[in-house]
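Data block for protein_17.tsv (TSV, C-alpha atoms and all ligand atoms):
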```
chain	number	residue	atom	x	y	z
A	1	MET	CA	18.21	11.70	-3.23
A	2	ALA	CA	14.94	11.10	-5.08
A	3	ARG	CA	12.61	8.41	-3.78
A	4	THR	CA	11.76	5.51	-6.11
A	5	PRO	CA	8.07	5.73	-7.09
A	6	PHE	CA	6.04	2.66	-6.08
A	7	VAL	CA	2.68	1.80	-7.62
A	8	ALA	CA	0.90	-1.10	-5.92
A	9	GLY	CA	-2.38	-2.70	-6.92
A	10	ASN	CA	-4.66	-3.98	-4.16
A	11	TRP	CA	-7.04	-6.49	-5.71
A	12	LYS	CA	-8.98	-6.89	-2.45
A	13	MET	CA	-11.37	-9.90	-2.73
A	14	ASN	CA	-11.27	-9.97	-6.54
A	15	HIS	CA	-9.72	-12.19	-9.21
A	16	THR	CA	-9.56	-15.96	-9.15
A	17	ARG	CA	-6.40	-17.71	-10.26
A	18	ALA	CA	-7.74	-17.98	-13.82
A	19	LEU	CA	-8.44	-14.25	-13.96
A	20	ALA	CA	-5.03	-13.49	-12.50
A	21	ARG	CA	-3.34	-15.51	-15.24
A	22	ALA	CA	-5.33	-13.67	-17.91
A	23	TRP	CA	-4.49	-10.31	-16.27
A	24	CYS	CA	-0.85	-11.25	-16.29
A	25	ALA	CA	-0.83	-12.31	-19.95
A	26	THR	CA	-2.26	-8.92	-20.97
A	27	PHE	CA	0.05	-7.02	-18.62
A	28	ARG	CA	3.08	-8.84	-20.02
A	29	GLU	CA	2.18	-7.85	-23.61
A	30	LEU	CA	1.65	-4.24	-22.58
A	31	TYR	CA	4.95	-4.19	-20.73
A	32	ALA	CA	6.77	-5.62	-23.78
A	33	ALA	CA	5.29	-2.88	-25.99
A	34	HIS	CA	5.60	-0.03	-23.45
A	35	PRO	CA	7.87	-0.85	-20.51
A	36	TRP	CA	7.89	1.51	-17.56
A	37	PRO	CA	11.30	2.88	-16.53
A	38	ALA	CA	13.42	0.65	-14.30
A	39	GLU	CA	13.37	3.27	-11.54
A	40	VAL	CA	9.63	2.76	-10.96
A	41	GLU	CA	8.57	-0.11	-8.69
A	42	VAL	CA	5.31	-1.90	-9.41
A	43	GLY	CA	3.51	-4.37	-7.15
A	44	VAL	CA	0.27	-6.35	-6.98
A	45	ALA	CA	-1.44	-7.76	-3.89
A	46	PRO	CA	-3.98	-10.48	-4.87
A	47	PRO	CA	-6.09	-12.65	-2.54
A	48	PHE	CA	-4.09	-15.31	-0.65
A	49	THR	CA	-5.33	-18.18	-2.83
A	50	THR	CA	-4.16	-16.38	-5.97
A	51	LEU	CA	-0.63	-15.61	-4.70
A	52	GLU	CA	1.09	-18.69	-6.01
A	53	ALA	CA	-0.58	-18.61	-9.44
A	54	LEU	CA	0.24	-14.94	-9.86
A	55	HIS	CA	3.81	-15.52	-8.70
A	56	ASP	CA	4.27	-18.17	-11.39
A	57	ALA	CA	2.47	-16.14	-14.06
A	58	LEU	CA	4.55	-13.02	-13.40
A	59	GLY	CA	7.78	-14.94	-14.00
A	60	LYS	CA	10.51	-12.41	-14.73
A	61	LEU	CA	8.19	-9.41	-15.11
A	62	PRO	CA	9.44	-6.66	-12.76
A	63	VAL	CA	6.36	-6.76	-10.54
A	64	LEU	CA	6.57	-7.33	-6.79
A	65	LEU	CA	4.09	-9.67	-5.19
A	66	GLY	CA	2.29	-8.51	-2.06
A	67	ALA	CA	-0.29	-9.70	0.46
A	68	GLN	CA	-3.27	-7.81	1.85
A	69	ASN	CA	-2.86	-8.88	5.47
A	70	ALA	CA	-0.77	-11.08	7.77
A	71	HIS	CA	-0.96	-12.35	11.33
A	72	HIS	CA	1.68	-11.24	13.80
A	73	GLU	CA	2.49	-14.65	15.25
A	74	PRO	CA	4.82	-17.02	13.36
A	75	LYS	CA	2.53	-20.05	13.82
A	76	GLY	CA	-0.07	-21.56	16.09
A	77	ALA	CA	-3.78	-21.98	16.77
A	78	PHE	CA	-5.08	-18.96	14.84
A	79	THR	CA	-7.84	-20.32	12.62
A	80	GLY	CA	-8.13	-18.51	9.33
A	81	GLU	CA	-4.90	-16.54	9.66
A	82	ILE	CA	-1.68	-16.52	7.61
A	83	ALA	CA	1.82	-16.10	9.10
A	84	PRO	CA	4.43	-13.76	7.61
A	85	ASP	CA	6.85	-16.59	6.75
A	86	MET	CA	4.10	-18.32	4.78
A	87	LEU	CA	3.80	-15.18	2.69
A	88	VAL	CA	7.56	-15.09	2.15
A	89	GLU	CA	7.34	-18.71	0.98
A	90	ALA	CA	4.60	-17.69	-1.49
A	91	GLY	CA	6.93	-15.05	-2.94
A	92	CYS	CA	5.64	-11.89	-1.22
A	93	ALA	CA	7.86	-8.85	-0.90
A	94	PHE	CA	5.37	-6.51	0.78
A	95	VAL	CA	2.24	-6.66	2.92
A	96	ILE	CA	-0.55	-4.07	3.12
A	97	LEU	CA	-1.41	-3.47	6.79
A	98	GLY	CA	-3.98	-1.31	8.51
A	99	HIS	CA	-6.07	-0.79	5.39
A	100	SER	CA	-9.24	1.11	6.24
A	101	GLU	CA	-11.35	-1.92	5.32
A	102	ARG	CA	-9.42	-3.98	7.90
A	103	ARG	CA	-9.78	-1.20	10.46
A	104	HIS	CA	-13.45	-0.37	9.87
A	105	LEU	CA	-15.06	-3.58	8.55
A	106	PHE	CA	-13.02	-6.04	10.63
A	107	GLY	CA	-12.32	-3.93	13.69
A	108	GLU	CA	-8.54	-4.09	13.61
A	109	PRO	CA	-7.13	-1.86	16.34
A	110	ASP	CA	-3.86	0.08	16.11
A	111	GLU	CA	-2.24	-2.21	18.68
A	112	ARG	CA	-2.71	-5.29	16.49
A	113	ILE	CA	-1.63	-3.43	13.36
A	114	ALA	CA	1.58	-2.39	15.16
A	115	ARG	CA	2.39	-6.04	15.97
A	116	LYS	CA	1.78	-6.98	12.34
A	117	VAL	CA	4.07	-4.22	11.07
A	118	ALA	CA	6.88	-5.52	13.29
A	119	ALA	CA	6.26	-9.17	12.36
A	120	VAL	CA	6.19	-8.47	8.63
A	121	ARG	CA	9.44	-6.53	8.90
A	122	ARG	CA	11.05	-9.34	10.98
A	123	ALA	CA	10.14	-11.75	8.17
A	124	GLY	CA	12.07	-9.53	5.74
A	125	MET	CA	9.10	-8.05	3.86
A	126	THR	CA	8.12	-4.40	3.54
A	127	PRO	CA	5.08	-3.32	5.55
A	128	VAL	CA	2.83	-0.87	3.69
A	129	LEU	CA	1.16	0.85	6.64
A	130	CYS	CA	-2.11	2.57	5.68
A	131	VAL	CA	-3.54	5.55	7.55
A	132	GLY	CA	-6.44	7.85	6.75
A	133	GLU	CA	-9.31	9.83	8.20
A	134	THR	CA	-13.05	9.37	7.67
A	135	GLU	CA	-15.18	12.12	6.19
A	136	PRO	CA	-16.62	13.28	9.56
A	137	GLU	CA	-13.10	13.35	11.00
A	138	ARG	CA	-11.96	15.60	8.13
A	139	ASP	CA	-15.04	17.81	8.47
A	140	GLU	CA	-14.31	18.22	12.17
A	141	GLY	CA	-10.75	19.35	11.37
A	142	ARG	CA	-9.24	16.18	12.86
A	143	MET	CA	-7.37	14.79	9.84
A	144	GLN	CA	-3.93	15.51	11.29
A	145	ALA	CA	-4.75	14.17	14.76
A	146	VAL	CA	-6.17	10.94	13.29
A	147	VAL	CA	-3.35	10.12	10.89
A	148	GLU	CA	-0.66	11.12	13.41
A	149	SER	CA	-2.18	8.78	15.98
A	150	GLN	CA	-2.47	5.90	13.49
A	151	LEU	CA	1.14	6.43	12.42
A	152	ARG	CA	2.58	6.68	15.95
A	153	LYS	CA	0.61	3.69	17.26
A	154	GLY	CA	1.27	1.65	14.10
A	155	LEU	CA	5.02	2.04	14.64
A	156	GLU	CA	4.89	1.20	18.35
A	157	HIS	CA	6.87	-2.04	17.87
A	158	PHE	CA	8.99	-1.16	14.86
A	159	ARG	CA	11.00	1.97	14.11
A	160	PRO	CA	12.57	2.03	10.64
A	161	ALA	CA	16.29	2.74	10.69
A	162	THR	CA	16.47	3.37	6.95
A	163	GLY	CA	13.98	4.71	4.44
A	164	ASP	CA	13.56	1.43	2.57
A	165	GLN	CA	12.23	-0.63	5.48
A	166	LEU	CA	8.76	0.88	5.45
A	167	VAL	CA	6.19	2.28	3.02
A	168	LEU	CA	3.30	4.46	4.19
A	169	ALA	CA	0.00	4.94	2.39
A	170	TYR	CA	-2.26	7.90	3.00
A	171	GLU	CA	-5.75	6.71	2.15
A	172	PRO	CA	-8.56	9.06	3.13
A	173	VAL	CA	-11.51	6.75	3.83
A	174	TRP	CA	-13.91	9.08	1.98
A	175	ALA	CA	-11.87	8.65	-1.22
A	176	ILE	CA	-11.63	4.84	-1.25
A	177	GLY	CA	-13.82	3.28	-3.92
A	178	THR	CA	-15.98	6.41	-4.13
A	179	GLY	CA	-14.61	8.13	-7.24
A	180	ARG	CA	-13.95	11.16	-5.01
A	181	THR	CA	-10.18	11.42	-5.31
A	182	ALA	CA	-8.39	13.80	-2.94
A	183	THR	CA	-7.18	16.88	-4.74
A	184	PRO	CA	-3.42	17.03	-5.33
A	185	GLU	CA	-3.29	19.79	-2.68
A	186	GLN	CA	-5.18	17.69	-0.10
A	187	ALA	CA	-2.90	14.69	-0.74
A	188	GLN	CA	0.25	16.82	-0.54
A	189	ASP	CA	-0.92	18.57	2.62
A	190	ALA	CA	-1.63	15.29	4.44
A	191	GLN	CA	1.48	13.53	3.15
A	192	ARG	CA	3.78	16.42	4.04
A	193	PHE	CA	2.26	16.34	7.51
A	194	LEU	CA	2.87	12.57	7.73
A	195	ARG	CA	6.49	12.93	6.68
A	196	ASP	CA	7.06	15.57	9.34
A	197	ALA	CA	5.36	13.35	11.94
A	198	LEU	CA	7.56	10.44	10.86
A	199	ALA	CA	10.63	12.65	11.18
A	200	GLY	CA	9.57	13.33	14.77
A	201	LEU	CA	9.50	9.57	15.44
A	202	CYS	CA	12.48	8.30	13.42
A	203	GLY	CA	14.54	11.33	12.47
A	204	ALA	CA	14.51	13.43	9.33
A	205	PRO	CA	16.94	11.31	7.23
A	206	VAL	CA	14.78	8.16	7.65
A	207	ALA	CA	11.56	10.09	7.03
A	208	HIS	CA	13.06	11.60	3.90
A	209	GLY	CA	13.67	8.13	2.46
A	210	VAL	CA	10.29	6.54	3.30
A	211	ARG	CA	7.88	6.40	0.38
A	212	ILE	CA	4.41	7.74	1.08
A	213	LEU	CA	1.79	6.50	-1.36
A	214	TYR	CA	-1.58	8.08	-1.98
A	215	GLY	CA	-4.62	5.80	-2.23
A	216	GLY	CA	-8.29	6.51	-2.95
A	217	SER	CA	-9.89	6.50	-6.42
A	218	VAL	CA	-6.59	6.84	-8.29
A	219	THR	CA	-7.08	6.44	-12.06
A	220	PRO	CA	-4.86	6.79	-15.14
A	221	ALA	CA	-6.47	10.23	-15.59
A	222	ASN	CA	-5.55	11.70	-12.20
A	223	ALA	CA	-2.25	9.89	-11.47
A	224	ALA	CA	0.04	12.42	-13.18
A	225	THR	CA	-1.14	15.49	-11.24
A	226	LEU	CA	-1.07	13.61	-7.95
A	227	ILE	CA	2.45	12.26	-8.40
A	228	ALA	CA	3.67	15.73	-9.34
A	229	GLN	CA	3.29	16.63	-5.65
A	230	PRO	CA	6.62	16.50	-3.80
A	231	ASP	CA	5.43	14.13	-1.03
A	232	VAL	CA	3.37	11.77	-3.22
A	233	ASP	CA	5.75	8.91	-4.00
A	234	GLY	CA	3.35	6.51	-5.69
A	235	PHE	CA	-0.06	4.93	-5.31
A	236	LEU	CA	-2.04	2.19	-3.67
A	237	VAL	CA	-4.68	1.38	-6.25
A	238	GLY	CA	-7.85	-0.63	-5.72
A	239	GLY	CA	-10.49	-0.61	-8.47
A	240	ALA	CA	-8.21	0.70	-11.22
A	241	SER	CA	-5.72	-2.15	-10.70
A	242	LEU	CA	-8.19	-4.90	-11.62
A	243	ASP	CA	-7.95	-4.22	-15.33
A	244	ALA	CA	-4.46	-4.90	-16.71
A	245	GLY	CA	-4.75	-2.21	-19.39
A	246	GLY	CA	-5.89	0.48	-16.96
A	247	PHE	CA	-3.24	-0.42	-14.41
A	248	HIS	CA	-0.51	-0.34	-17.06
A	249	LYS	CA	-1.67	3.13	-18.15
A	250	LEU	CA	-1.67	4.25	-14.54
A	251	VAL	CA	1.87	2.99	-14.01
A	252	LEU	CA	3.06	4.86	-17.10
A	253	ALA	CA	1.29	8.03	-15.93
A	254	ALA	CA	2.99	7.72	-12.53
A	255	ALA	CA	6.35	7.22	-14.24
A	256	GLY	CA	5.90	10.62	-15.93
A	301	LIG	P1	-9.69	2.46	-4.76
A	301	LIG	O1	-9.11	1.70	-3.47
A	301	LIG	O2	-8.51	2.76	-5.66
A	301	LIG	O3	-10.66	1.50	-5.36
A	301	LIG	O4	-10.32	3.73	-4.26
A	301	LIG	C1	-7.88	2.09	-2.90
A	301	LIG	C2	-7.52	1.18	-1.76
A	301	LIG	O5	-8.43	0.73	-1.05
A	301	LIG	O6	-6.34	0.88	-1.54
```

Is it possible to give me this structure as structure tokens?
Amino acid sequence: MARTPFVAGNWKMNHTRALARAWCATFRELYAAHPWPAEVEVGVAPPFTTLEALHDALGKLPVLLGAQNAHHEPKGAFTGEIAPDMLVEAGCAFVILGHSERRHLFGEPDERIARKVAAVRRAGMTPVLCVGETEPERDEGRMQAVVESQLRKGLEHFRPATGDQLVLAYEPVWAIGTGRTATPEQAQDAQRFLRDALAGLCGAPVAHGVRILYGGSVTPANAATLIAQPDVDGFLVGGASLDAGGFHKLVLAAAG
């Protein structure tokens, strides 16, 4: 059975509520003129303070709302953090976890990411678990060891029983925001490896159903060749998701 492509925008710390509403108005017009096929899933993860405005602005557009992070506890004295149920209340369907910026700029260890994955799943949302090697790690021939370890440790507290409970994103750190996209062969090679590693943890039928996104300088120009790879099931898109027109083109390119 074919996996449903998923294209998710990660706005990072960009777009106020006003900009999100403007983005949405343009995106709605583009969708009306050129809708993507129903079998493609599209999502956007804005900053926390923009969630509610974007939720309202999206209305009935078939776009899933996502968050860029969550805490693993349901409530309590955790200044500055947001609980999974709060994100559900804001309309979120998925949460990006273990993004390289969280790992490298904010020092998030695998152990904490694993707790977040389990908590997000318990709240009924889909965790989008990101893994990826740095440039020195790739140069030293350690790509597989790094992503396998991030995957295994990230799933320490949650093992998917079906393919739709989890999304993975392979995001080589050297490709994020650099304009240096992985080649289709590099993406396929890493993502095939990840699917095999997942099969070792959860069994082949579950691994077969889990979508593995590619992330790192995806653009409307390179999306089609990347998604043509058998283990590239969609994209996690940073910079190219900020412009509604560019993101719409990218979604159409991914839809084939
Ligand atoms: P980019 O970011 O598309 O700007 O490279 C991808 C990501 O960080 O998810």

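Counting from atom CA of Trp11 of chain A, the distance to atom CA of His157 of chain A is 27.7 Å.
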
- Query: Interatomic distance between atom CA of Phe158 of chain A and atom CA of Thr4 of chain A?
  - Reply: 22.2 Å

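Note that atom P1 of ligand LIG 301 (chain A) and atom CA of Glu135 of chain A are 15.6 Å apart.
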
- Check which residues fall inside 9 Å of ligand LIG 301 (chain A) when counting only C-alpha atoms and all ligand atoms, and print them as a VMD selection string. chain A and resid 8 to 12 96 99 to 101 130 169 171 173 to 181 214 to 219 235 to 241

- Message: Need the shell around Ile212 of chain A: protein/DNA/RNA residues with any atom at most 12 Å away, counting only C-alpha atoms. Skip same-chain ones fewer than 6 positions apart. Format as a ChimeraX atom specification?
- Response: /A:3-8,127-131,151,163-164,166-171,187-188,190-196,198,227,229-236

- Shell around Pro74 of chain A at 10 Å using all atoms listed in the file, local window under 6 positions removed, as a ChimeraX atom specification: /A:82-86,119-120,123

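Shortest atom-to-atom contact with Cys24 of chain A among A:Arg152, A:Lys116, A:His248, A:Arg122: A:His248, counting only C-alpha atoms.
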
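Using all atoms listed in the file, the smallest distance between any of A:Gly43, A:Leu105, A:Thr50, A:Ile113 and Ala93 of chain A comes from A:Gly43.
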
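In terms of minimum interatomic distance to Ala254 of chain A, A:Pro37 ranks closest within A:Pro172, A:Gly91, A:Gly200, A:Pro37, counting all atoms listed in the file.
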
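Residue nearest Glu133 of chain A within the list A:Leu64, A:Ala145, A:Leu250, A:Leu226: A:Ala145 [criterion: smallest interatomic distance, all atoms listed in the file].
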
What lies within 8 Å of Pro220 of chain A using all atoms listed in the file, ignoring chain neighbours under 5 positions off, as a PDB file with C-alpha atoms, in the frame of the given file?
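So out_38.pdb came out as:
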```
ATOM      1  CA  ALA A 240      -8.210   0.700 -11.220  1.00  0.00           C
ATOM      2  CA  GLY A 246      -5.890   0.480 -16.960  1.00  0.00           C
ATOM      3  CA  PHE A 247      -3.240  -0.420 -14.410  1.00  0.00           C
ATOM      4  CA  LYS A 249      -1.670   3.130 -18.150  1.00  0.00           C
ATOM      5  CA  LEU A 250      -1.670   4.250 -14.540  1.00  0.00           C
ATOM      6  CA  VAL A 251       1.870   2.990 -14.010  1.00  0.00           C
ATOM      7  CA  ALA A 253       1.290   8.030 -15.930  1.00  0.00           C
TER       8      ALA A 253
END
```

- Query: With all atoms listed in the file as the atoms that count, which of A:Thr183, A:Thr134, A:Asn222, A:Thr162 lies nearest to His208 of chain A?
  - Reply: A:Thr162
